[in-house]
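coords-v6.txt, holding compact mmCIF, C-alpha atoms:
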```
# COMPACT_ATOMS: atom_id res chain seq x y z
CA MET C 22 9.40 40.66 44.89
CA SER C 23 6.03 39.48 43.63
CA ASP C 24 3.97 36.93 45.52
CA GLU C 25 4.59 34.42 42.74
CA GLU C 26 8.37 34.83 43.11
CA LEU C 27 8.17 34.49 46.89
CA LEU C 28 5.95 31.41 46.61
CA SER C 29 8.44 29.90 44.19
CA LEU C 30 11.24 30.56 46.71
CA PHE C 31 9.08 28.99 49.43
CA GLU C 32 9.07 25.71 47.52
CA ASN C 33 12.86 25.44 47.95
CA PRO C 34 13.71 24.21 51.49
CA GLU C 35 16.86 26.39 51.53
CA THR C 36 14.97 29.64 50.85
CA ARG C 37 11.65 28.72 52.52
CA ARG C 38 12.11 30.69 55.76
CA ASN C 39 13.35 33.82 54.00
CA ALA C 40 10.49 33.71 51.48
CA PHE C 41 7.91 33.30 54.22
CA SER C 42 9.47 36.12 56.27
CA GLN C 43 9.11 38.40 53.27
CA LEU C 44 5.47 37.39 52.83
CA VAL C 45 4.85 38.12 56.52
CA ARG C 46 6.49 41.56 56.23
CA LYS C 47 4.46 42.28 53.12
CA TYR C 48 1.07 41.31 54.57
CA GLN C 49 1.34 41.58 58.36
CA GLN C 50 -0.12 45.10 58.64
CA LYS C 51 -2.92 44.38 56.17
CA VAL C 52 -3.91 41.19 57.98
CA TYR C 53 -3.66 42.93 61.35
CA TRP C 54 -6.01 45.74 60.31
CA LEU C 55 -8.46 43.37 58.65
CA VAL C 56 -8.63 41.39 61.89
CA ARG C 57 -8.57 44.51 64.08
CA LYS C 58 -11.63 45.93 62.33
CA MET C 59 -13.45 42.73 63.26
CA VAL C 60 -12.31 42.14 66.85
CA VAL C 61 -11.44 45.77 67.83
CA ASP C 62 -9.00 44.87 70.63
CA HIS C 63 -5.30 45.38 69.79
CA ASP C 64 -4.04 42.39 71.79
CA ASP C 65 -6.67 40.06 70.35
CA ALA C 66 -5.86 41.29 66.84
CA ASN C 67 -2.15 40.68 67.43
CA ASP C 68 -2.79 37.14 68.68
CA ILE C 69 -5.11 36.32 65.79
CA THR C 70 -2.66 37.79 63.26
CA GLN C 71 0.06 35.54 64.67
CA ASP C 72 -2.29 32.55 64.43
CA VAL C 73 -3.08 33.44 60.81
CA PHE C 74 0.59 33.35 59.84
CA ILE C 75 1.16 30.11 61.76
CA LYS C 76 -1.72 28.53 59.84
CA ALA C 77 -0.39 29.97 56.59
CA TRP C 78 3.08 28.53 57.31
CA THR C 79 1.70 25.05 57.94
CA ALA C 80 -0.66 25.09 54.95
CA LEU C 81 1.39 27.02 52.40
CA GLU C 82 2.99 23.99 50.80
CA ASN C 83 -0.54 22.85 49.90
CA PHE C 84 -1.44 26.23 48.37
CA ARG C 85 -2.54 25.40 44.83
CA GLY C 86 -2.46 28.90 43.41
CA ASP C 87 -6.11 28.77 42.29
CA SER C 88 -6.48 32.22 43.86
CA LYS C 89 -4.09 35.03 44.64
CA PHE C 90 -1.95 34.51 47.73
CA TYR C 91 -3.38 37.51 49.59
CA THR C 92 -6.93 36.30 48.85
CA TRP C 93 -6.04 32.95 50.39
CA LEU C 94 -4.41 34.68 53.37
CA TYR C 95 -7.37 37.04 53.87
CA ARG C 96 -9.67 34.03 53.91
CA ILE C 97 -7.64 32.50 56.72
CA ALA C 98 -7.66 35.85 58.56
CA SER C 99 -11.38 36.45 58.18
CA ASN C 100 -12.21 32.90 59.30
CA GLU C 101 -9.93 33.25 62.33
CA ALA C 102 -11.52 36.58 63.32
CA ILE C 103 -15.07 35.24 62.99
CA ASN C 104 -14.13 32.04 64.86
CA PHE C 105 -12.58 34.14 67.64
CA LEU C 106 -15.76 36.18 68.05
CA ASN C 107 -17.93 33.07 68.02
CA LYS C 108 -15.74 31.33 70.62
CA LYS C 109 -15.75 34.42 72.80
CA ARG C 110 -19.53 34.56 72.72
CA LYS C 111 -19.86 30.84 73.51
CA ARG C 112 -17.12 30.75 76.14
CA PHE C 113 -18.66 33.52 78.19
CA PHE C 114 -22.28 32.65 77.33
CA ILE C 115 -22.92 36.17 76.15
CA SER C 116 -25.26 37.44 73.49
CA ILE C 117 -24.18 39.20 70.32
CA ASN C 118 -25.44 42.48 71.84
CA ASP C 119 -23.15 42.03 74.84
CA VAL C 120 -20.17 41.32 72.57
CA GLU C 121 -21.07 44.41 70.55
CA SER C 122 -21.28 46.46 73.76
CA GLU C 123 -17.92 45.17 75.00
CA LEU C 124 -16.24 45.89 71.66
CA SER C 125 -17.79 49.35 71.61
CA GLU C 126 -16.34 50.11 75.07
CA LYS C 127 -12.90 48.87 73.96
CA LEU C 128 -13.17 51.04 70.87
CA GLU C 129 -13.81 54.18 72.92
CA ALA C 130 -11.00 53.44 75.37
CA ASP C 131 -8.40 52.45 72.76
CA PRO C 132 -5.63 55.03 72.32
CA LEU C 133 -4.72 53.51 68.94
CA VAL C 134 -8.12 54.38 67.48
CA SER C 135 -7.69 57.79 66.00
CA GLY C 136 -10.17 60.00 64.29
CA ASP C 137 -12.92 62.36 65.11
CA ALA C 138 -16.40 61.72 66.45
CA ILE C 139 -17.66 60.78 62.97
CA GLN C 140 -15.01 58.06 62.63
CA LEU C 141 -15.89 56.70 66.08
CA LYS C 142 -19.60 56.68 65.15
CA LEU C 143 -18.78 54.76 61.96
CA GLN C 144 -16.79 52.19 63.92
CA LYS C 145 -19.66 51.80 66.42
CA ALA C 146 -22.11 51.41 63.54
CA LEU C 147 -19.92 48.64 62.11
CA LEU C 148 -20.11 46.80 65.42
CA LYS C 149 -23.90 46.66 65.03
CA LEU C 150 -23.51 44.50 61.91
CA PRO C 151 -23.36 40.69 61.99
CA GLU C 152 -19.76 39.46 61.68
CA LYS C 153 -19.99 38.27 58.08
CA GLN C 154 -21.73 41.47 56.95
CA ARG C 155 -19.07 43.53 58.77
CA LEU C 156 -16.36 41.52 57.03
CA VAL C 157 -17.92 42.15 53.61
CA PHE C 158 -18.26 45.87 54.36
CA ASN C 159 -14.65 46.11 55.59
CA LEU C 160 -13.25 44.30 52.56
CA LYS C 161 -15.25 46.40 50.10
CA TYR C 162 -15.15 49.80 51.78
CA PHE C 163 -11.79 49.88 53.56
CA GLU C 164 -9.74 47.37 51.57
CA GLU C 165 -11.42 48.39 48.27
CA LEU C 166 -11.42 44.83 47.00
CA PRO C 167 -13.58 43.91 44.01
CA TYR C 168 -16.56 41.64 44.69
CA GLU C 169 -14.89 38.79 42.79
CA GLU C 170 -11.97 38.72 45.25
CA ILE C 171 -14.27 39.09 48.25
CA SER C 172 -16.19 36.12 46.84
CA GLU C 173 -12.99 34.05 46.86
CA ILE C 174 -12.22 35.12 50.43
CA THR C 175 -15.68 34.50 51.86
CA GLY C 176 -16.92 31.69 49.63
CA THR C 177 -20.06 33.72 48.91
CA SER C 178 -21.53 34.52 45.50
CA VAL C 179 -20.98 37.98 44.04
CA GLY C 180 -24.73 38.65 44.00
CA ALA C 181 -25.06 37.78 47.70
CA LEU C 182 -22.05 40.00 48.48
CA LYS C 183 -23.60 42.95 46.67
CA ALA C 184 -26.81 42.48 48.64
CA SER C 185 -24.87 42.11 51.90
CA TYR C 186 -22.86 45.27 51.21
CA HIS C 187 -26.04 47.16 50.31
CA TRP C 188 -27.78 46.10 53.53
CA ALA C 189 -24.68 46.84 55.60
CA SER C 190 -24.48 50.34 54.09
CA LYS C 191 -28.16 50.89 54.78
CA LYS C 192 -27.85 49.74 58.41
CA ILE C 193 -24.81 51.99 58.91
CA GLU C 194 -26.63 54.94 57.35
CA ASP C 195 -29.66 54.32 59.58
CA TYR C 196 -27.46 54.08 62.69
CA LEU C 197 -25.61 57.29 61.84
CA ASN C 198 -28.88 59.14 61.17
CA GLU C 199 -30.51 58.00 64.41
CA THR C 200 -27.53 58.99 66.56
CA ASP C 201 -27.35 62.55 65.24
```

Here is a file; write its structure as structure tokens.
Amino acid sequence: MSDEELLSLFENPETRRNAFSQLVRKYQQKVYWLVRKMVVDHDDANDITQDVFIKAWTALENFRGDSKFYTWLYRIASNEAINFLNKKRKRFFISINDVESELSEKLEADPLVSGDAIQLKLQKALLKLPEKQRLVFNLKYFEELPYEEISEITGTSVGALKASYHWASKKIEDYLNETD
């Protein structure tokens, strides 16, 4: 079923739960991996993914349809991931470098992270980026979303996104070249 059909079913109180369950099944993995690329830790990503769908459930009846459903959902997910990282930094009074270091250690120890040394280096390079820049890079590079949709998700202009992606790519390239 299309998102539009599922959203239409959601409007009916008798089919609401079933429609939402189908939306969760359709997007749960995508949301999880979007969040996981930001927070690295599997358990944190699971918790945040659950929070994303709880927020979506409570706000879905107010969804106006101005954007695509998954764009709206990705916006919730990206905001939750960034908020999580900011809260973590504030709660433990740690700097961004310490958060980056902690995430890097989790990345190396995580059995779910597969890939060769190059993939691990790329993931470590991503952790060097500021959260919003990392989000833009992930959405463009891994999710292959067009800038217009990323703009809807992040609330940032297309021009600023292109610049952010360019600078993220440059920083990643520099990191990969200096660690050779």

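Computed from the coordinates, the CA of Asp68 in chain C to CA of Lys142 in chain C distance equals 26.0 Å.
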
Please identify all polymer residues within 10 Å of Ala146 in chain C, counting all atoms listed in the file, omitting same-chain residues fewer than 4 positions from it, and present them as a ChimeraX atom specification. /C:121,125,140-142,150,155,189-190,192-197,200

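One finds CA of Lys51 in chain C at 12.5 Å from CA of Leu166 in chain C.
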
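Minimum atom-to-atom distances from C:Tyr95, C:Tyr186, C:Tyr162, C:Phe90 to Asp24 in chain C were compared using only C-alpha atoms, and the lowest value belongs to C:Phe90.
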
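Put simply, CA of Ala40 in chain C is 21.3 Å away from CA of Ile69 in chain C.
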
Given the point (-10.0, 32.3, 52.5) in the file's coordinates, find the residues that have an atom at most 9 Å from it, counting only C-alpha atoms, and give them as a ChimeraX atom specification. /C:91-100,173-176

Which residue is closest to Glu165 in chain C? Choose from C:Gln144, C:Lys108, C:Leu55, C:Gln43 and count only C-alpha atoms. C:Leu55

Could you write range 182-193 of chain C as a PDB file, in the coordinates of the input, with all heavy atoms rebuilt where they are missing?
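Everything below was put into out-v9.pdb:
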```
ATOM      1  N   LEU C 182     -22.953  38.983  47.909  1.00  0.00           N
ATOM      2  CA  LEU C 182     -22.050  40.000  48.480  1.00  0.00           C
ATOM      3  C   LEU C 182     -22.569  41.407  48.216  1.00  0.00           C
ATOM      4  O   LEU C 182     -22.521  42.263  49.105  1.00  0.00           O
ATOM      5  CB  LEU C 182     -20.640  39.850  47.904  1.00  0.00           C
ATOM      6  CG  LEU C 182     -19.866  38.626  48.350  1.00  0.00           C
ATOM      7  CD1 LEU C 182     -18.582  38.507  47.550  1.00  0.00           C
ATOM      8  CD2 LEU C 182     -19.586  38.671  49.837  1.00  0.00           C
ATOM      9  N   LYS C 183     -23.053  41.628  47.001  1.00  0.00           N
ATOM     10  CA  LYS C 183     -23.600  42.950  46.670  1.00  0.00           C
ATOM     11  C   LYS C 183     -24.796  43.270  47.560  1.00  0.00           C
ATOM     12  O   LYS C 183     -24.920  44.388  48.061  1.00  0.00           O
ATOM     13  CB  LYS C 183     -23.990  43.021  45.187  1.00  0.00           C
ATOM     14  CG  LYS C 183     -22.798  43.081  44.262  1.00  0.00           C
ATOM     15  CD  LYS C 183     -23.219  43.117  42.806  1.00  0.00           C
ATOM     16  CE  LYS C 183     -22.011  43.199  41.887  1.00  0.00           C
ATOM     17  NZ  LYS C 183     -22.398  43.227  40.479  1.00  0.00           N
ATOM     18  N   ALA C 184     -25.651  42.283  47.768  1.00  0.00           N
ATOM     19  CA  ALA C 184     -26.810  42.480  48.640  1.00  0.00           C
ATOM     20  C   ALA C 184     -26.351  42.729  50.084  1.00  0.00           C
ATOM     21  O   ALA C 184     -26.862  43.631  50.760  1.00  0.00           O
ATOM     22  CB  ALA C 184     -27.729  41.262  48.582  1.00  0.00           C
ATOM     23  N   SER C 185     -25.384  41.957  50.537  1.00  0.00           N
ATOM     24  CA  SER C 185     -24.870  42.110  51.900  1.00  0.00           C
ATOM     25  C   SER C 185     -24.262  43.489  52.103  1.00  0.00           C
ATOM     26  O   SER C 185     -24.507  44.149  53.117  1.00  0.00           O
ATOM     27  CB  SER C 185     -23.830  41.017  52.196  1.00  0.00           C
ATOM     28  OG  SER C 185     -23.374  41.112  53.513  1.00  0.00           O
ATOM     29  N   TYR C 186     -23.487  43.938  51.128  1.00  0.00           N
ATOM     30  CA  TYR C 186     -22.860  45.270  51.210  1.00  0.00           C
ATOM     31  C   TYR C 186     -23.933  46.363  51.221  1.00  0.00           C
ATOM     32  O   TYR C 186     -23.863  47.313  51.986  1.00  0.00           O
ATOM     33  CB  TYR C 186     -21.879  45.475  50.065  1.00  0.00           C
ATOM     34  CG  TYR C 186     -21.142  46.790  50.140  1.00  0.00           C
ATOM     35  CD1 TYR C 186     -20.086  46.949  51.026  1.00  0.00           C
ATOM     36  CD2 TYR C 186     -21.508  47.869  49.343  1.00  0.00           C
ATOM     37  CE1 TYR C 186     -19.405  48.162  51.119  1.00  0.00           C
ATOM     38  CE2 TYR C 186     -20.835  49.075  49.433  1.00  0.00           C
ATOM     39  CZ  TYR C 186     -19.779  49.210  50.318  1.00  0.00           C
ATOM     40  OH  TYR C 186     -19.113  50.410  50.413  1.00  0.00           O
ATOM     41  N   HIS C 187     -24.944  46.189  50.370  1.00  0.00           N
ATOM     42  CA  HIS C 187     -26.040  47.160  50.310  1.00  0.00           C
ATOM     43  C   HIS C 187     -26.733  47.251  51.667  1.00  0.00           C
ATOM     44  O   HIS C 187     -26.984  48.347  52.185  1.00  0.00           O
ATOM     45  CB  HIS C 187     -27.040  46.771  49.220  1.00  0.00           C
ATOM     46  CG  HIS C 187     -28.311  47.559  49.274  1.00  0.00           C
ATOM     47  ND1 HIS C 187     -28.398  48.853  48.793  1.00  0.00           N
ATOM     48  CD2 HIS C 187     -29.538  47.248  49.770  1.00  0.00           C
ATOM     49  CE1 HIS C 187     -29.631  49.303  49.004  1.00  0.00           C
ATOM     50  NE2 HIS C 187     -30.334  48.343  49.587  1.00  0.00           N
ATOM     51  N   TRP C 188     -27.074  46.103  52.248  1.00  0.00           N
ATOM     52  CA  TRP C 188     -27.780  46.100  53.530  1.00  0.00           C
ATOM     53  C   TRP C 188     -26.889  46.631  54.655  1.00  0.00           C
ATOM     54  O   TRP C 188     -27.366  47.341  55.549  1.00  0.00           O
ATOM     55  CB  TRP C 188     -28.322  44.708  53.864  1.00  0.00           C
ATOM     56  CG  TRP C 188     -29.504  44.379  53.013  1.00  0.00           C
ATOM     57  CD1 TRP C 188     -29.590  43.415  52.056  1.00  0.00           C
ATOM     58  CD2 TRP C 188     -30.771  45.046  53.018  1.00  0.00           C
ATOM     59  NE1 TRP C 188     -30.831  43.437  51.462  1.00  0.00           N
ATOM     60  CE2 TRP C 188     -31.579  44.433  52.046  1.00  0.00           C
ATOM     61  CE3 TRP C 188     -31.314  46.101  53.745  1.00  0.00           C
ATOM     62  CZ2 TRP C 188     -32.883  44.834  51.779  1.00  0.00           C
ATOM     63  CZ3 TRP C 188     -32.621  46.495  53.486  1.00  0.00           C
ATOM     64  CH2 TRP C 188     -33.382  45.865  52.516  1.00  0.00           C
ATOM     65  N   ALA C 189     -25.612  46.306  54.595  1.00  0.00           N
ATOM     66  CA  ALA C 189     -24.680  46.840  55.600  1.00  0.00           C
ATOM     67  C   ALA C 189     -24.627  48.362  55.508  1.00  0.00           C
ATOM     68  O   ALA C 189     -24.699  49.070  56.525  1.00  0.00           O
ATOM     69  CB  ALA C 189     -23.285  46.247  55.413  1.00  0.00           C
ATOM     70  N   SER C 190     -24.518  48.879  54.293  1.00  0.00           N
ATOM     71  CA  SER C 190     -24.480  50.340  54.090  1.00  0.00           C
ATOM     72  C   SER C 190     -25.746  50.995  54.604  1.00  0.00           C
ATOM     73  O   SER C 190     -25.699  52.053  55.239  1.00  0.00           O
ATOM     74  CB  SER C 190     -24.301  50.669  52.606  1.00  0.00           C
ATOM     75  OG  SER C 190     -23.096  50.144  52.122  1.00  0.00           O
ATOM     76  N   LYS C 191     -26.879  50.358  54.325  1.00  0.00           N
ATOM     77  CA  LYS C 191     -28.160  50.890  54.780  1.00  0.00           C
ATOM     78  C   LYS C 191     -28.249  50.901  56.307  1.00  0.00           C
ATOM     79  O   LYS C 191     -28.680  51.890  56.909  1.00  0.00           O
ATOM     80  CB  LYS C 191     -29.299  50.031  54.181  1.00  0.00           C
ATOM     81  CG  LYS C 191     -30.678  50.463  54.551  1.00  0.00           C
ATOM     82  CD  LYS C 191     -31.142  51.622  53.695  1.00  0.00           C
ATOM     83  CE  LYS C 191     -32.582  51.960  53.994  1.00  0.00           C
ATOM     84  NZ  LYS C 191     -32.737  53.235  54.675  1.00  0.00           N
ATOM     85  N   LYS C 192     -27.835  49.808  56.944  1.00  0.00           N
ATOM     86  CA  LYS C 192     -27.850  49.740  58.410  1.00  0.00           C
ATOM     87  C   LYS C 192     -26.924  50.798  59.017  1.00  0.00           C
ATOM     88  O   LYS C 192     -27.280  51.434  60.018  1.00  0.00           O
ATOM     89  CB  LYS C 192     -27.423  48.350  58.885  1.00  0.00           C
ATOM     90  CG  LYS C 192     -28.449  47.276  58.640  1.00  0.00           C
ATOM     91  CD  LYS C 192     -27.897  45.920  59.060  1.00  0.00           C
ATOM     92  CE  LYS C 192     -28.834  44.796  58.714  1.00  0.00           C
ATOM     93  NZ  LYS C 192     -28.260  43.484  59.065  1.00  0.00           N
ATOM     94  N   ILE C 193     -25.757  50.981  58.411  1.00  0.00           N
ATOM     95  CA  ILE C 193     -24.810  51.990  58.910  1.00  0.00           C
ATOM     96  C   ILE C 193     -25.408  53.382  58.764  1.00  0.00           C
ATOM     97  O   ILE C 193     -25.361  54.197  59.683  1.00  0.00           O
ATOM     98  CB  ILE C 193     -23.451  51.868  58.186  1.00  0.00           C
ATOM     99  CG1 ILE C 193     -22.751  50.582  58.614  1.00  0.00           C
ATOM    100  CG2 ILE C 193     -22.574  53.083  58.448  1.00  0.00           C
ATOM    101  CD1 ILE C 193     -21.566  50.211  57.747  1.00  0.00           C
TER     102      ILE C 193
END
```
